[in-house]
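Q: Please find one structure pasted underneath; my questions will follow.
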Amino acid sequence: MTSAEIRRGFLAFFEARGHCVVDSSPLVPADDPTLLFTNAGMNQFKDLFLGRETRDYKRAATSQKCMRVSGKHNDLENVGPSLRHHTFFEMLGNFSFGDYFKGDAIPFAWELLTGAWGLPAERLYATVFKGEGGVPRDDEAYAVWRELVPADRIAELGAAENFWAMGDTGPCGRCSEIHYHRGDHLPCGAPECRGIDCDCDRYVEIWNNVFMEFERQADGALTPLPAPSIDTGMGLERIVAVLQGTLSNYDTDLFAPLLSAVATRAGTEYGPLAGRPSNDTSDVSLRVIADHLRAMTFLIADGVVPSNEWRGYVLRKIMRRAMRHGKKLGMTEPFLHELAGVVVGEMQDAYPELDANRNVIASVVRREEEQFDRVLRDGLPRLEAALAEADAGSRVIPGAAAFRLYDTYGVPLDFIEDMATSRQLRVDRDGFEKELEAQRARARAGAGETFAAKTHDVTVESVARLTASIHAEVVPADSLFVGYDTTTAEGRINRLFRPTDGGKRLE
């Protein structure tokens, strides 16, 4: 089966069982300031679970666009070295809002996996909540599973594995995971394999059934939801790997065309596509670029643009990480904007918004590539010098040196840290933070000054002081930043400046 067939098959299976197929919500959550990005299928249904909203359906199924790049759901650093981690991924899910519960949700999953998709029943294992922290053992889920599998294929685990929460507050509940046994022929680094509770590749989690029963309050207390509900999540990339018989998500048809295009552009090959084992050098960079291309393409299509704040900062970090790995592969000229079109071509049938924003995506990516190239032209030689000095001495880049690269030459701190880590060096983060706070203090002190003169020297410090002074003087205290919610708004221009003296002064 192709990934497109698997996605369509999942939705069709649940539609035939009374579920409304709901479009994916954007990666930028609507009306939920607690979330940086949509990170689960249930996000768009949060108010339904809490009983704050009703819709004309009690059952739903989705293929949801997700990003996990912050907090406890942060897979960024694993992308590349890992064969199954991603920043952007699709979450298949079926949901019940006070309709069916465990007695139907678990058999639905079993029927799809063993019936429609033909997975061998003897390779499927389940977990249930064993009871912990005042929440009792999930006897009901255990009883349902015992109708389907023998007791030795059911593991009872604690809250870390079998109690799911959206965040520090909000809907939550006990859960039951379904794992697929790939085979004992695969290596395990532990003295004795722990089965589905092991970190090796012999077992892979493919589906999580969350039984939404509680709302966690700010003080940690659990209160019952108005009606018990179902929230399930199955990563498309992972189930496609299982159904297509590959160990790596990157060896599936979700990634193969993109990896092939990136490798061709770099003048190299991706090991598994060329019939050889994956290596730890060029193949890692190819996976980083492929994953990050998907993330940046979908983020830009959903209205996120690179910036130094919040969502835009995450996008910029992802883009520049991909650019750095491109340079490691010898791609010295901008290349991401060309390859973003491959993502659009592969995914536009499932997500038409990609094609609708094709030109915007290419333009935003190209502009960021050109900007980062300018940063590196000035900053990279100085970063290399700092790395060489650290390598020959303490193996630590001093905080002051890192801050100078960041403040004067625009080299991002995470880029400096990435480069240092790749050479077994580190950055004095505490020293960097002290330098940063000292600069902020100078800017705050400057905010109290009156810039009565009509012209000002253009330096980093003077512009920071000027900006802070103007902000304090003309921006109302109740001013609202709306850039995360809309691309247009009405406002009043309070000050205009123009460069003079060849750009050395502002007037």
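As shown in the structure tokens, the chain order sets the letters A, B, ...; within each chain, residues go from 1, and ligands are also counted from 1 in the order they appear.
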Apply DSSP to the structure's backbone, then extract all residues of region 356-435 of chain A labelled alpha helix (DSSP H) and return them as a PyMOL selection string.
A: chain A and resi 356+358-392+399-409+413-422+429-435
Q: Using C-alpha atoms, can you write the selected residues to a file as a CSV table (one decimal), in the first residue's frame?
A:
chain,number,residue,atom,x,y,z
A,356,ALA,CA,-2.3,27.4,-3.4
A,358,ARG,CA,3.5,27.3,-3.9
A,359,ASN,CA,4.9,30.7,-5.0
A,360,VAL,CA,4.8,32.2,-1.5
A,361,ILE,CA,6.6,29.2,-0.1
A,362,ALA,CA,9.4,29.4,-2.7
A,363,SER,CA,9.7,33.2,-2.2
A,364,VAL,CA,9.9,33.1,1.6
A,365,VAL,CA,12.4,30.2,1.6
A,366,ARG,CA,14.6,31.9,-1.0
A,367,ARG,CA,14.7,35.2,0.9
A,368,GLU,CA,15.7,33.4,4.1
A,369,GLU,CA,18.4,31.5,2.3
A,370,GLU,CA,19.9,34.7,0.9
A,371,GLN,CA,19.7,36.5,4.2
A,372,PHE,CA,21.5,33.6,6.0
A,373,ASP,CA,24.2,33.5,3.3
A,374,ARG,CA,24.9,37.2,4.0
A,375,VAL,CA,25.1,36.4,7.8
A,376,LEU,CA,27.6,33.6,7.1
A,377,ARG,CA,29.7,35.5,4.8
A,378,ASP,CA,30.6,37.9,7.6
A,379,GLY,CA,30.2,35.7,10.6
A,380,LEU,CA,31.4,32.2,9.5
A,381,PRO,CA,35.2,33.1,9.3
A,382,ARG,CA,35.0,34.6,12.8
A,383,LEU,CA,33.1,31.6,14.1
A,384,GLU,CA,35.7,29.2,12.6
A,385,ALA,CA,38.4,31.2,14.3
A,386,ALA,CA,36.5,31.0,17.7
A,387,LEU,CA,36.1,27.2,17.2
A,388,ALA,CA,39.8,26.8,16.3
A,389,GLU,CA,40.8,28.7,19.4
A,390,ALA,CA,38.5,26.7,21.7
A,391,ASP,CA,39.7,23.4,20.1
A,392,ALA,CA,43.3,24.4,20.8
A,399,GLY,CA,30.3,33.6,26.5
A,400,ALA,CA,31.6,37.0,25.4
A,401,ALA,CA,33.0,35.5,22.1
A,402,ALA,CA,29.7,33.8,21.4
A,403,PHE,CA,27.8,37.0,22.2
A,404,ARG,CA,30.0,39.0,19.9
A,405,LEU,CA,29.3,36.6,17.0
A,406,TYR,CA,25.6,36.8,17.8
A,407,ASP,CA,25.3,40.6,18.4
A,408,THR,CA,27.8,42.0,15.9
A,409,TYR,CA,27.6,39.5,13.1
A,413,LEU,CA,23.3,31.1,19.1
A,414,ASP,CA,21.9,27.7,18.2
A,415,PHE,CA,24.0,27.7,15.0
A,416,ILE,CA,27.1,28.4,17.1
A,417,GLU,CA,26.2,25.6,19.5
A,418,ASP,CA,25.5,23.2,16.6
A,419,MET,CA,28.9,23.9,15.1
A,420,ALA,CA,30.6,23.6,18.5
A,421,THR,CA,28.8,20.3,19.3
A,422,SER,CA,29.8,18.8,15.9
A,429,ARG,CA,25.9,29.5,27.8
A,430,ASP,CA,25.9,31.2,31.2
A,431,GLY,CA,28.5,33.7,30.0
A,432,PHE,CA,26.5,34.4,26.9
A,433,GLU,CA,23.3,35.1,28.9
A,434,LYS,CA,25.2,37.5,31.1
A,435,GLU,CA,26.4,39.5,28.1
Q: Name the closest residue to Leu299 (chain A) among the candidates A:Gly18, A:Leu50, A:Glu161, A:Phe37; distances are taken between atoms, counting only C-alpha atoms.
A: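 Result for the nearest residue to Leu299 (chain A): A:Phe37.
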Q: Name all residues at most 9 Å from Arg174 (chain A) (count only C-alpha atoms; drop same-chain ones fewer than 3 positions away) and give them as a PyMOL selection string.
A: chain A and resi 128-129+135+137-138+159+162-165+209-213
Q: Hey, can you spit out that residue selection with C-alpha atoms as a PDB file, in the first residue's frame?
A:
ATOM      1  CA  VAL A 128      -2.692  -0.669  29.863  1.00  0.00           C
ATOM      2  CA  PHE A 129      -2.361   1.671  32.848  1.00  0.00           C
ATOM      3  CA  VAL A 135      -5.521   6.909  39.601  1.00  0.00           C
ATOM      4  CA  ARG A 137      -5.612   0.426  37.313  1.00  0.00           C
ATOM      5  CA  ASP A 138      -7.482   0.380  34.006  1.00  0.00           C
ATOM      6  CA  ALA A 159       1.852   7.061  34.191  1.00  0.00           C
ATOM      7  CA  ASN A 162       0.110   5.104  29.925  1.00  0.00           C
ATOM      8  CA  PHE A 163      -1.346   8.389  31.123  1.00  0.00           C
ATOM      9  CA  TRP A 164      -1.627  11.038  28.412  1.00  0.00           C
ATOM     10  CA  ALA A 165      -2.058  14.782  28.881  1.00  0.00           C
ATOM     11  CA  ASN A 209      -5.805   5.079  22.421  1.00  0.00           C
ATOM     12  CA  VAL A 210      -6.380   7.783  25.021  1.00  0.00           C
ATOM     13  CA  PHE A 211      -9.428   7.485  27.237  1.00  0.00           C
ATOM     14  CA  MET A 212     -10.274  11.103  28.043  1.00  0.00           C
ATOM     15  CA  GLU A 213     -11.851  11.086  31.491  1.00  0.00           C
TER      16      GLU A 213
END
Q: Do you have the CA of Ala266 (chain A)-CA of Arg321 (chain A) distance handy?
A: 16.0 Å
Q: Would you mind listing what lies within 7 Å of Tyr250 (chain A) as a PDB file with C-alpha atoms, in the first residue's frame, with only C-alpha atoms counted and same-chain residues fewer than 5 positions away left out?
A:
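After the write, part17.pdb holds the following:
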ATOM      1  CA  LEU A  83      15.471   6.818  11.683  1.00  0.00           C
ATOM      2  CA  PHE A 255      10.326  10.419   2.034  1.00  0.00           C
ATOM      3  CA  ALA A 256      11.981   8.514  -0.823  1.00  0.00           C
TER       4      ALA A 256
END
Q: Compile the contact shell of region 47-49 of chain A as a list of chain:residue names: residues with an atom at most 9 Å away, counting only C-alpha atoms, same-chain residues fewer than 5 positions apart removed.
A: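 Close residues of region 47-49 of chain A: A:Met42, A:Thr54, A:Arg55, A:Ser96, A:Phe97, A:Gly98, A:Pro171, A:Met212, A:Glu213, A:Leu225, A:Pro226, A:Ala227, A:Pro228, A:Ser229, A:Ile230.
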Q: If you keep N, CA and C atoms, can you produce a file of those selected residues as a PDB file, in the first residue's frame?
A:
ATOM      1  N   MET A  42      -6.014  15.864  18.644  1.00  0.00           N
ATOM      2  CA  MET A  42      -7.101  16.304  19.511  1.00  0.00           C
ATOM      3  C   MET A  42      -7.120  17.804  19.760  1.00  0.00           C
ATOM      4  N   THR A  54     -20.329  22.207  21.308  1.00  0.00           N
ATOM      5  CA  THR A  54     -20.987  21.054  20.696  1.00  0.00           C
ATOM      6  C   THR A  54     -20.986  21.233  19.186  1.00  0.00           C
ATOM      7  N   ARG A  55     -20.939  20.128  18.469  1.00  0.00           N
ATOM      8  CA  ARG A  55     -21.014  20.149  17.006  1.00  0.00           C
ATOM      9  C   ARG A  55     -22.058  19.138  16.558  1.00  0.00           C
ATOM     10  N   SER A  96     -14.198  10.196  19.769  1.00  0.00           N
ATOM     11  CA  SER A  96     -15.582  10.085  20.232  1.00  0.00           C
ATOM     12  C   SER A  96     -15.803  11.129  21.311  1.00  0.00           C
ATOM     13  N   PHE A  97     -16.861  11.907  21.172  1.00  0.00           N
ATOM     14  CA  PHE A  97     -17.172  12.960  22.131  1.00  0.00           C
ATOM     15  C   PHE A  97     -18.420  12.560  22.918  1.00  0.00           C
ATOM     16  N   GLY A  98     -18.180  11.772  23.969  1.00  0.00           N
ATOM     17  CA  GLY A  98     -19.281  11.304  24.789  1.00  0.00           C
ATOM     18  C   GLY A  98     -20.130  10.247  24.120  1.00  0.00           C
ATOM     19  N   PRO A 171      -7.497  18.487  29.091  1.00  0.00           N
ATOM     20  CA  PRO A 171      -8.008  17.111  29.048  1.00  0.00           C
ATOM     21  C   PRO A 171      -6.878  16.091  29.165  1.00  0.00           C
ATOM     22  N   MET A 212     -10.144   9.789  27.417  1.00  0.00           N
ATOM     23  CA  MET A 212     -10.274  11.103  28.043  1.00  0.00           C
ATOM     24  C   MET A 212     -11.359  11.068  29.119  1.00  0.00           C
ATOM     25  N   GLU A 213     -10.914  11.144  30.367  1.00  0.00           N
ATOM     26  CA  GLU A 213     -11.851  11.086  31.491  1.00  0.00           C
ATOM     27  C   GLU A 213     -11.715  12.265  32.444  1.00  0.00           C
ATOM     28  N   LEU A 225     -14.321  14.823  33.379  1.00  0.00           N
ATOM     29  CA  LEU A 225     -14.885  15.529  32.237  1.00  0.00           C
ATOM     30  C   LEU A 225     -16.396  15.315  32.205  1.00  0.00           C
ATOM     31  N   PRO A 226     -17.131  16.204  31.501  1.00  0.00           N
ATOM     32  CA  PRO A 226     -18.586  16.047  31.420  1.00  0.00           C
ATOM     33  C   PRO A 226     -19.017  14.689  30.876  1.00  0.00           C
ATOM     34  N   ALA A 227     -18.244  14.145  29.930  1.00  0.00           N
ATOM     35  CA  ALA A 227     -18.569  12.830  29.370  1.00  0.00           C
ATOM     36  C   ALA A 227     -17.274  12.152  28.946  1.00  0.00           C
ATOM     37  N   PRO A 228     -17.069  10.882  29.308  1.00  0.00           N
ATOM     38  CA  PRO A 228     -15.865  10.164  28.866  1.00  0.00           C
ATOM     39  C   PRO A 228     -15.788  10.136  27.345  1.00  0.00           C
ATOM     40  N   SER A 229     -14.594  10.350  26.814  1.00  0.00           N
ATOM     41  CA  SER A 229     -14.421  10.457  25.369  1.00  0.00           C
ATOM     42  C   SER A 229     -13.195   9.674  24.918  1.00  0.00           C
ATOM     43  N   ILE A 230     -13.048   9.560  23.609  1.00  0.00           N
ATOM     44  CA  ILE A 230     -11.934   8.819  23.011  1.00  0.00           C
ATOM     45  C   ILE A 230     -11.105   9.757  22.149  1.00  0.00           C
TER      46      ILE A 230
END
Q: With only C-alpha atoms as the counted atoms, please give the residues lying no more than 8 Å from Gly170 (chain A), apart from itself and same-chain residues fewer than 4 positions off, as a list in words.
A: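 Result of the neighbour search: Ala165, Met166, Glu215, Arg216 and Gln217 of chain A.
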